[in-house]
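Undergrad: Input final_0.txt, format and content: compact mmCIF, C-alpha atoms.
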# COMPACT_ATOMS: atom_id res chain seq x y z
CA TYR A 13 84.14 103.28 96.41
CA ASN A 14 81.18 105.21 97.87
CA GLU A 15 83.65 107.61 99.46
CA TYR A 16 85.21 108.12 96.04
CA LYS A 17 81.82 108.89 94.41
CA SER A 18 80.97 111.41 97.14
CA TYR A 19 84.36 112.99 96.70
CA LEU A 20 83.79 113.43 92.94
CA ARG A 21 80.27 114.78 93.46
CA VAL A 22 81.53 117.51 95.79
CA HIS A 23 84.26 118.56 93.38
CA PHE A 24 81.97 118.66 90.34
CA MET A 25 79.41 120.77 92.25
CA ASN A 26 81.73 123.19 94.01
CA GLU A 27 84.95 123.35 92.03
CA SER A 28 86.08 124.13 88.52
CA VAL A 29 86.16 121.56 85.74
CA GLY A 30 89.95 121.35 85.98
CA SER A 31 89.81 120.65 89.70
CA ALA A 32 87.13 118.03 89.15
CA LEU A 33 89.25 116.25 86.52
CA VAL A 34 92.24 116.25 88.88
CA ALA A 35 89.99 114.80 91.58
CA MET A 36 88.83 112.10 89.17
CA ALA A 37 92.46 111.20 88.40
CA THR A 38 93.53 110.92 92.02
CA GLY A 39 90.72 110.47 94.55
CA PRO A 40 90.57 110.88 98.34
CA GLY A 41 93.81 109.58 99.79
CA TYR A 42 94.52 107.83 96.50
CA GLU A 43 98.25 108.06 95.85
CA TYR A 44 98.00 106.91 92.26
CA HIS A 45 96.63 108.36 89.02
CA ARG A 46 93.24 106.76 88.46
CA ILE A 47 93.09 107.46 84.73
CA LEU A 48 96.55 105.95 84.23
CA ASP A 49 95.45 102.93 86.27
CA ILE A 50 92.48 102.45 83.94
CA VAL A 51 94.72 102.68 80.86
CA ILE A 52 97.13 100.09 82.26
CA ALA A 53 94.20 97.87 83.26
CA LEU A 54 92.87 98.00 79.68
CA PHE A 55 96.29 97.02 78.32
CA HIS A 56 96.42 94.07 80.72
CA LEU A 57 92.91 93.03 79.73
CA GLY A 58 93.79 93.27 76.02
CA CYS A 59 96.89 91.12 76.59
CA PHE A 60 94.76 88.56 78.41
CA ILE A 61 92.12 88.30 75.66
CA CYS A 62 94.21 88.68 72.51
CA GLY A 63 97.38 87.11 73.86
CA THR A 64 95.61 84.00 75.12
CA MET A 65 93.66 83.53 71.88
CA GLY A 66 96.63 84.21 69.58
CA ASN A 67 99.07 81.99 71.41
CA THR A 68 96.51 79.19 71.75
CA LEU A 69 96.11 79.24 67.96
CA ALA A 70 99.89 79.29 67.57
CA PHE A 71 100.25 76.35 69.96
CA GLY A 72 97.66 74.37 67.99
CA TYR A 73 99.45 75.15 64.74
CA PHE A 74 102.97 74.20 65.88
CA LEU A 75 101.67 71.08 67.61
CA TYR A 76 100.94 69.36 64.28
CA GLN A 77 103.93 70.58 62.28
CA LYS A 78 107.09 68.69 61.50
CA LYS A 79 109.00 68.50 64.77
CA ASP A 80 112.32 70.10 63.83
CA LEU A 81 114.28 71.98 66.49
CA SER A 82 112.91 75.46 65.75
CA THR A 83 109.30 74.25 65.66
CA CYS A 84 109.68 72.48 69.00
CA ILE A 85 111.12 75.65 70.57
CA TYR A 86 108.29 77.72 69.07
CA LEU A 87 105.87 75.23 70.62
CA CYS A 88 107.44 75.74 74.06
CA ILE A 89 107.42 79.54 73.62
CA SER A 90 103.72 79.48 72.66
CA CYS A 91 102.96 77.45 75.79
CA THR A 92 104.81 79.91 78.06
CA ASP A 93 103.15 82.87 76.29
CA ILE A 94 99.71 81.40 77.03
CA VAL A 95 100.55 81.28 80.73
CA ILE A 96 101.99 84.82 80.65
CA SER A 97 98.79 86.10 79.02
CA LEU A 98 96.62 84.36 81.62
CA LEU A 99 98.60 85.98 84.45
CA THR A 100 97.47 89.46 83.39
CA LEU A 101 93.77 88.94 84.22
CA PRO A 102 94.07 89.20 88.05
CA VAL A 103 96.28 92.28 87.63
CA SER A 104 93.72 94.04 85.43
CA ILE A 105 90.95 93.24 87.92
CA SER A 106 92.97 94.83 90.74
CA TYR A 107 93.66 97.94 88.68
CA PHE A 108 89.97 98.31 87.83
CA SER A 109 89.15 97.87 91.55
CA TYR A 110 91.26 100.78 92.84
CA ARG A 111 94.25 98.51 93.42
CA ARG A 112 92.45 96.33 95.92
CA ALA A 113 93.79 92.78 96.20
CA MET A 114 90.65 91.09 94.79
CA LEU A 115 91.84 87.64 93.60
CA PHE A 116 95.18 88.18 95.33
CA GLN A 117 93.50 88.36 98.75
CA TRP A 118 93.61 84.55 98.93
CA GLN A 119 97.09 83.65 100.08
CA GLY A 120 97.13 80.37 98.19
CA PHE A 121 96.30 82.11 94.93
CA CYS A 122 98.88 84.79 95.68
CA VAL A 123 101.61 82.21 96.26
CA VAL A 124 100.77 80.28 93.10
CA TRP A 125 100.55 83.44 90.98
CA GLY A 126 103.80 84.83 92.37
CA SER A 127 105.66 81.55 91.86
CA VAL A 128 104.41 81.09 88.29
CA ASN A 129 105.20 84.73 87.49
CA THR A 130 108.74 84.07 88.69
CA ILE A 131 109.24 80.87 86.71
CA VAL A 132 107.54 81.45 83.35
CA PRO A 133 109.06 84.82 82.28
CA HIS A 134 112.54 83.53 83.16
CA LEU A 135 111.90 80.40 81.10
CA SER A 136 110.59 82.48 78.20
CA VAL A 137 113.80 84.53 78.14
CA PHE A 138 115.86 81.35 78.12
CA LEU A 139 113.82 79.85 75.25
CA VAL A 140 114.31 82.95 73.08
CA ALA A 141 118.04 82.83 73.78
CA VAL A 142 118.17 79.14 72.82
CA LEU A 143 116.18 79.80 69.63
CA SER A 144 118.44 82.67 68.58
CA ILE A 145 121.73 80.93 69.39
CA THR A 146 120.82 77.63 67.73
CA ARG A 147 119.75 79.44 64.55
CA THR A 148 123.06 81.34 64.52
CA ILE A 149 124.99 78.08 64.88
CA SER A 150 123.05 76.53 61.99
CA LEU A 151 123.85 79.55 59.79
CA ILE A 152 127.57 79.51 60.61
CA TYR A 153 127.89 75.72 60.43
CA PRO A 154 125.16 74.57 58.02
CA LEU A 155 126.34 70.94 58.08
CA LYS A 156 126.36 70.66 61.85
CA GLN A 157 123.46 68.71 63.32
CA ILE A 158 122.22 70.05 66.65
CA LYS A 159 120.77 67.22 68.72
CA ARG A 160 117.29 67.99 69.97
CA LYS A 161 117.75 65.65 72.91
CA ASN A 162 120.61 67.77 74.26
CA ILE A 163 118.76 71.05 73.77
CA PHE A 164 115.57 69.87 75.46
CA GLY A 165 117.54 68.25 78.23
CA LEU A 166 119.06 71.69 78.83
CA ILE A 167 115.63 73.35 78.77
CA LEU A 168 114.16 70.77 81.18
CA GLY A 169 117.12 71.15 83.54
CA TYR A 170 116.75 74.93 83.57
CA PHE A 171 113.00 74.64 84.19
CA LEU A 172 113.61 72.40 87.21
CA PHE A 173 116.23 74.85 88.49
CA LEU A 174 113.72 77.71 88.22
CA MET A 175 111.15 75.68 90.15
CA VAL A 176 113.62 75.05 92.96
CA GLN A 177 114.66 78.71 92.94
CA ALA A 178 111.05 79.91 93.23
CA LEU A 179 109.64 77.33 95.64
CA LEU A 180 112.51 76.44 97.99
CA PRO A 181 112.72 79.83 99.79
CA ILE A 182 108.93 79.77 100.29
CA LEU A 183 108.93 76.22 101.66
CA ILE A 184 111.72 76.88 104.17
CA GLY A 185 110.18 80.21 105.24
CA GLU A 186 112.93 82.51 103.95
CA THR A 187 110.64 84.30 101.49
CA GLU A 188 107.18 85.77 101.91
CA VAL A 189 104.77 86.17 99.00
CA LYS A 190 102.56 89.19 99.47
CA TYR A 191 100.43 91.69 97.59
CA LEU A 192 101.26 95.39 97.61
CA PRO A 193 98.98 98.04 96.05
CA GLU A 194 101.94 99.96 94.64
CA ASP A 195 102.96 96.93 92.56
CA THR A 196 99.41 95.61 91.99
CA TYR A 197 100.58 92.00 91.93
CA CYS A 198 102.02 89.39 94.29
CA TRP A 199 105.77 89.33 94.59
CA THR A 200 108.33 87.44 96.65
CA ASP A 201 109.90 89.40 99.49
CA PRO A 202 112.99 87.74 101.04
CA ARG A 203 113.08 88.03 104.82
CA GLY A 204 116.86 88.20 105.23
CA GLU A 205 119.62 90.19 103.57
CA THR A 206 121.35 87.05 102.31
CA TRP A 207 118.36 85.73 100.42
CA ARG A 208 117.60 89.21 99.06
CA ASN A 209 121.11 89.47 97.61
CA ILE A 210 120.91 85.95 96.15
CA GLU A 211 117.53 86.65 94.56
CA THR A 212 118.71 89.97 93.09
CA ILE A 213 121.83 88.41 91.57
CA LEU A 214 119.85 85.50 90.08
CA ASP A 215 117.23 87.85 88.63
CA VAL A 216 119.90 90.01 86.99
CA VAL A 217 121.69 86.97 85.56
CA GLU A 218 118.50 85.28 84.34
CA LEU A 219 116.62 88.31 83.00
CA GLY A 220 119.26 90.91 82.21
CA PHE A 221 122.37 89.16 80.92
CA PRO A 222 120.66 86.92 78.31
CA ILE A 223 120.14 90.07 76.25
CA ILE A 224 123.90 90.17 75.55
CA PRO A 225 124.24 86.77 73.78
CA VAL A 226 120.86 87.30 72.12
CA VAL A 227 121.99 90.64 70.66
CA LEU A 228 125.27 89.09 69.48
CA SER A 229 123.47 86.14 67.90
CA CYS A 230 120.98 88.44 66.24
CA GLY A 231 123.76 90.57 64.79
CA ILE A 232 125.70 87.58 63.46
CA SER A 233 122.55 86.02 61.99
CA SER A 234 121.61 89.30 60.31
CA TYR A 235 125.04 89.56 58.73
CA ARG A 236 124.94 85.97 57.48
CA VAL A 237 121.42 86.40 56.07
CA LEU A 238 122.30 89.65 54.27
CA SER A 239 125.43 88.10 52.77
CA SER A 240 123.53 85.04 51.54
CA ARG A 241 120.47 86.78 50.06
CA THR A 242 122.23 87.58 46.79
CA ILE A 243 123.01 83.89 46.34
CA THR A 244 119.54 82.65 47.17
CA CYS A 245 117.86 85.25 44.94
CA ARG A 246 119.79 83.89 41.96
CA SER A 247 119.67 80.20 42.77
CA ARG A 248 116.07 79.92 44.09
CA SER A 249 117.19 76.78 45.91
CA SER A 250 115.85 75.28 49.12
CA SER A 251 118.30 77.45 51.07
CA ARG A 252 115.94 80.36 50.42
CA LEU A 253 113.47 78.78 52.82
CA LYS A 254 116.18 78.61 55.47
CA VAL A 255 116.98 82.28 54.93
CA ASN A 256 113.30 83.20 55.34
CA ALA A 257 113.13 81.14 58.53
CA SER A 258 116.24 82.92 59.81
CA ILE A 259 114.68 86.31 59.05
CA THR A 260 111.60 85.30 61.05
CA ILE A 261 113.77 84.35 64.03
CA ILE A 262 115.71 87.62 63.74
CA ILE A 263 112.46 89.63 63.82
CA PHE A 264 111.26 87.49 66.74
CA THR A 265 114.52 88.20 68.59
CA VAL A 266 114.52 91.95 67.89
CA VAL A 267 110.98 92.25 69.30
CA TYR A 268 112.11 90.36 72.38
CA ILE A 269 115.06 92.73 72.82
CA LEU A 270 112.87 95.83 72.54
CA PHE A 271 110.46 94.60 75.22
CA ASN A 272 113.19 93.36 77.56
CA ILE A 273 115.59 96.31 77.52
CA PRO A 274 113.42 98.00 80.22
CA VAL A 275 113.88 94.89 82.38
CA PHE A 276 117.66 95.21 82.16
CA ILE A 277 117.52 98.95 82.97
CA GLN A 278 115.12 98.42 85.89
CA PHE A 279 117.35 95.79 87.48
CA LEU A 280 120.40 97.98 86.96
CA LEU A 281 118.69 100.85 88.82
CA TYR A 282 117.55 98.46 91.53
CA MET A 283 121.08 97.14 92.09
CA ILE A 284 122.45 100.69 92.24
CA THR A 285 119.80 101.50 94.87
CA LEU A 286 120.66 98.47 97.00
CA TYR A 287 124.45 98.71 96.86
CA LYS A 288 124.94 102.48 96.73
CA TYR A 289 122.07 103.84 98.82
CA LYS A 290 121.74 100.67 100.96
CA GLU A 291 117.96 100.90 101.20
CA TYR A 292 115.00 100.77 98.82
CA PRO A 293 113.46 103.01 97.46
CA GLY A 294 116.35 105.45 97.70
CA PRO A 295 116.31 108.53 95.44
CA LEU A 296 115.75 106.51 92.24
CA PHE A 297 112.35 105.03 93.14
CA THR A 298 110.72 107.85 95.12
CA SER A 299 108.61 109.31 92.29
CA VAL A 300 105.06 108.08 91.71
CA TRP A 301 105.99 106.55 88.35
CA MET A 302 109.10 104.69 89.52
CA GLY A 303 107.62 103.57 92.82
CA SER A 304 104.05 102.74 91.83
CA TYR A 305 104.08 101.99 88.10
CA SER A 306 107.49 101.00 86.79
CA TRP A 307 107.63 97.54 88.37
CA ASN A 308 104.25 96.46 87.04
CA VAL A 309 104.78 97.97 83.59
CA VAL A 310 108.27 96.47 83.21
CA PHE A 311 107.82 93.03 84.76
CA VAL A 312 104.20 92.22 83.92
CA LEU A 313 102.92 94.43 81.12
CA CYS A 314 106.03 94.47 78.89
CA VAL A 315 106.35 90.70 79.21
CA ALA A 316 102.66 90.28 78.30
CA LEU A 317 102.99 92.67 75.32
CA ASN A 318 105.92 90.59 74.09
CA ALA A 319 103.77 87.47 74.37
CA LEU A 320 101.00 89.27 72.45
CA ALA A 321 103.39 90.33 69.68
CA ASN A 322 104.64 86.80 68.97
CA PRO A 323 101.44 85.47 67.26
CA ILE A 324 101.43 88.62 65.12
CA ILE A 325 104.95 87.76 63.96
CA TYR A 326 103.88 84.20 63.18
CA TYR A 327 100.90 85.47 61.18
CA THR A 328 102.93 87.94 59.11
CA ARG A 329 105.89 85.61 58.48
CA ILE A 330 104.59 82.03 58.29
CA ARG A 331 102.39 81.31 55.27
CA LEU A 332 100.79 78.12 56.52
CA PHE A 333 99.94 79.80 59.82
CA LYS A 334 97.93 82.34 57.81
CA ALA A 335 96.13 79.49 56.07
CA TYR A 336 95.56 77.80 59.43
CA ILE A 337 93.94 80.96 60.85
CA SER A 338 91.84 81.33 57.68
CA THR A 339 90.64 77.74 58.09
CA LYS A 340 89.64 78.38 61.68
CA LEU A 341 87.75 81.54 60.70
CA LEU A 342 86.05 79.76 57.79
CA ARG A 343 84.94 76.90 60.04
CA TRP A 344 83.62 79.36 62.61
CA ARG A 345 81.63 81.25 59.94
CA MET A 346 80.22 78.00 58.58
CA THR A 347 79.24 76.85 62.08
CA VAL A 348 77.56 80.14 62.88
CA GLY A 349 75.86 80.13 59.48
CA SER A 350 74.53 76.60 59.97
CA VAL A 351 73.16 77.46 63.41
CA VAL A 352 71.59 80.75 62.34
CA GLY A 353 70.36 79.71 58.88
CA GLY A 354 69.60 76.09 59.71
CA ARG A 355 71.71 74.68 56.89
CA ASN A 356 74.20 71.85 56.97
CA SER A 357 77.67 73.35 56.56
CA ARG A 358 79.31 69.96 56.05
CA THR A 359 77.11 69.13 53.04
CA SER A 360 77.53 72.52 51.40
CA ALA A 361 81.28 72.41 51.86
CA GLY A 362 81.53 68.88 50.50
CA SER A 363 79.53 69.77 47.41
CA ALA A 364 81.93 72.59 46.64
CA GLY A 365 84.80 70.12 46.51
CA ALA A 366 87.44 72.65 47.48
CA VAL A 367 87.16 75.80 49.54
CA VAL A 368 89.59 78.70 49.28
CA VAL A 369 90.85 79.50 52.78
CA GLY A 370 93.54 82.04 52.03
CA ALA A 371 95.78 83.68 49.49
CA VAL A 372 99.30 84.52 50.60
CA ASP A 373 101.98 86.06 48.38
CA GLY A 374 100.26 84.94 45.21
CA VAL A 375 99.62 81.40 46.51
CA SER A 376 96.02 80.24 46.91
CA TYR A 377 95.40 77.75 49.72
CA HIS A 378 92.47 75.31 49.36
CA VAL A 379 91.02 72.76 51.70
CA VAL A 380 90.19 69.66 49.69
CA GLY A 381 87.08 67.80 50.91
CA MET A 382 86.48 70.28 53.70
CA ASP A 383 86.42 68.56 57.09
CA THR A 384 84.34 70.46 59.62
CA SER A 385 85.18 68.19 62.51
CA SER A 386 87.41 69.43 65.31
CA ASP A 387 90.40 67.46 64.05
CA LEU A 388 92.43 68.88 61.16
CA ARG A 389 95.74 67.16 61.58
CA PRO A 390 98.21 67.31 60.17
CA TYR A 391 97.43 70.67 58.58
CA THR A 392 100.28 70.43 56.12
CA THR A 393 98.61 67.46 54.41
CA LYS A 394 95.19 69.11 54.08
CA TYR A 395 96.25 71.91 51.76
CA SER A 396 96.43 71.91 47.99
CA VAL A 397 98.46 74.86 46.77
CA SER A 398 97.98 76.58 43.44
CA MET A 399 99.58 79.72 42.07
CA MET A 400 97.17 82.60 41.46
Could you render the structure as structure tokens?

TA:
Amino acid sequence: YNEYKSYLRVHFMNESVGSALVAMATGPGYEYHRILDIVIALFHLGCFICGTMGNTLAFGYFLYQKKDLSTCIYLCISCTDIVISLLTLPVSISYFSYRRAMLFQWQGFCVVWGSVNTIVPHLSVFLVAVLSITRTISLIYPLKQIKRKNIFGLILGYFLFLMVQALLPILIGETEVKYLPEDTYCWTDPRGETWRNIETILDVVELGFPIIPVVLSCGISSYRVLSSRTITCRSRSSSRLKVNASITIIIFTVVYILFNIPVFIQFLLYMITLYKYKEYPGPLFTSVWMGSYSWNVVFVLCVALNALANPIIYYTRIRLFKAYISTKLLRWRMTVGSVVGGRNSRTSAGSAGAVVVGAVDGVSYHVVGMDTSSDLRPYTTKYSVSMM
């Protein structure tokens, strides 16, 4: 770092402004673009802060809702998104620190981080595929009951398979987990050609191919929803709620597709490199962007941005989630006000009788007999709803 400061001082004193800015972006012997590193580090830090907070709120909301199949899958997705958001903090620290290992310098931490980063994104992709496909089945066959026990047995089995896939090669010594500055995170490096081929094939199947059934399910669901909207608009029956829920899942799936298309393309280029040019990096990964930025942006940042986008979708599409957030904000304001102003927030809220916590689409949400304790469950029974 001191060498870098001396390097900048010399350029600013003896060179032009343009040369000094170039020096600031690169550095002495620094093969990467420093300004771009800072930008990526800020994105990672934003995903850590906002993604962790948003998905924690989403997890708390879904935890106390009626446990139908979609809600249970949303609960699992929120849990995986919390972990994905937490994984970005060590990466941002390394980017801020000139790509030094920092937290990754401890081998135990590196192994745990690398294993979790292998398991959780794969599981998240599988959960989105399950959510999309089950919703499509319910739209095509509305009378068919999908057993939750079978679905969650499938999810649990896949999770155990991912654990074996990630941990077994490490335990038997066929895979090494190490930190490389060009990737700025810990990744698993198979020692032999056989394990490398197996890992590549599994990654393509688990991360790339699920996009195909997800896209098909999304297209079928969109067609069914568009064809049924004219009926629900006239009938105003309970099926309108199902259509709205289907639209939410379609939006959720489209966002997933947008953030995961780069994953499919990256793996396709990687397979071409291995099987056509026989050696990495080959001609496809020799540029600074492809060799030193694409892997982190595609496999860590895009996944974290997808996790960050999910609570935004919940907030814009689910009315009670808006009211839930408003309740949390109201309680926080009342707590801060009672600490700063020395007044009892519980007494003032109780005297009001009912506190407005949100207005969504012409519906005013009230909390009756405002409870300022930490337990507000179930949230669906605490709201009185009145049309504005």

Undergrad: Using all atoms listed in the file, which of A:Val351, A:Leu296, A:Met346, A:Val189 sits nearest Val123 (chain A)?

TA: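 For Val123 (chain A), the nearest of the candidates is A:Val189.
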
Undergrad: Smallest atom-to-atom distance to Thr260 (chain A): which of A:Leu143, A:Ile94, A:Cys88, A:Ile184, using only C-alpha atoms?

TA: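 Closest to Thr260 (chain A), using only C-alpha atoms: A:Leu143.
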
Undergrad: Taking only C-alpha atoms into account, name the residue in A:Arg111, A:Arg46, A:Arg160, A:Arg203 that is nearest to Thr83 (chain A).

TA: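 Using only C-alpha atoms, the shortest distance to Thr83 (chain A) belongs to A:Arg160.
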
Undergrad: For a test of reading the model, state the distance in Å between CA of Gln77 (chain A) and CA of Arg331 (chain A), rounded to one decimal.

TA: 12.9 Å

Undergrad: Mind checking which residues fall within 12 Å of Gly185 (chain A), counting all atoms listed in the file, ignoring those fewer than 2 positions away in the same chain, and posting them as an MDAnalysis selection string?

TA: chainID A and resid 179:183 187:189 200:204 207

Undergrad: Just to confirm, what's the straight-line distance from CA of Pro154 (chain A) to CA of Val255 (chain A) in Å (one decimal)?

TA: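 Computing the Euclidean distance for CA of Pro154 (chain A) and CA of Val255 (chain A) yields 11.7 Å.
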
Undergrad: Go through A:Leu286, A:Ile269, A:Leu166, A:Val300 and flag the residue nearest Asn209 (chain A), using all atoms listed in the file for the distances.

TA: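 The answer is A:Leu286, which sits nearest to Asn209 (chain A).
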
Undergrad: Looking at A:Leu270, A:Val137, A:Ile262, A:Trp199, which one is nearest to Gln119 (chain A), with distances taken over all atoms listed in the file?

TA: A:Trp199

Undergrad: Please compute the CA of Tyr76 (chain A)-CA of Lys159 (chain A) distance, one decimal, in Å.

TA: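 Computing the Euclidean distance for CA of Tyr76 (chain A) and CA of Lys159 (chain A) yields 20.4 Å.
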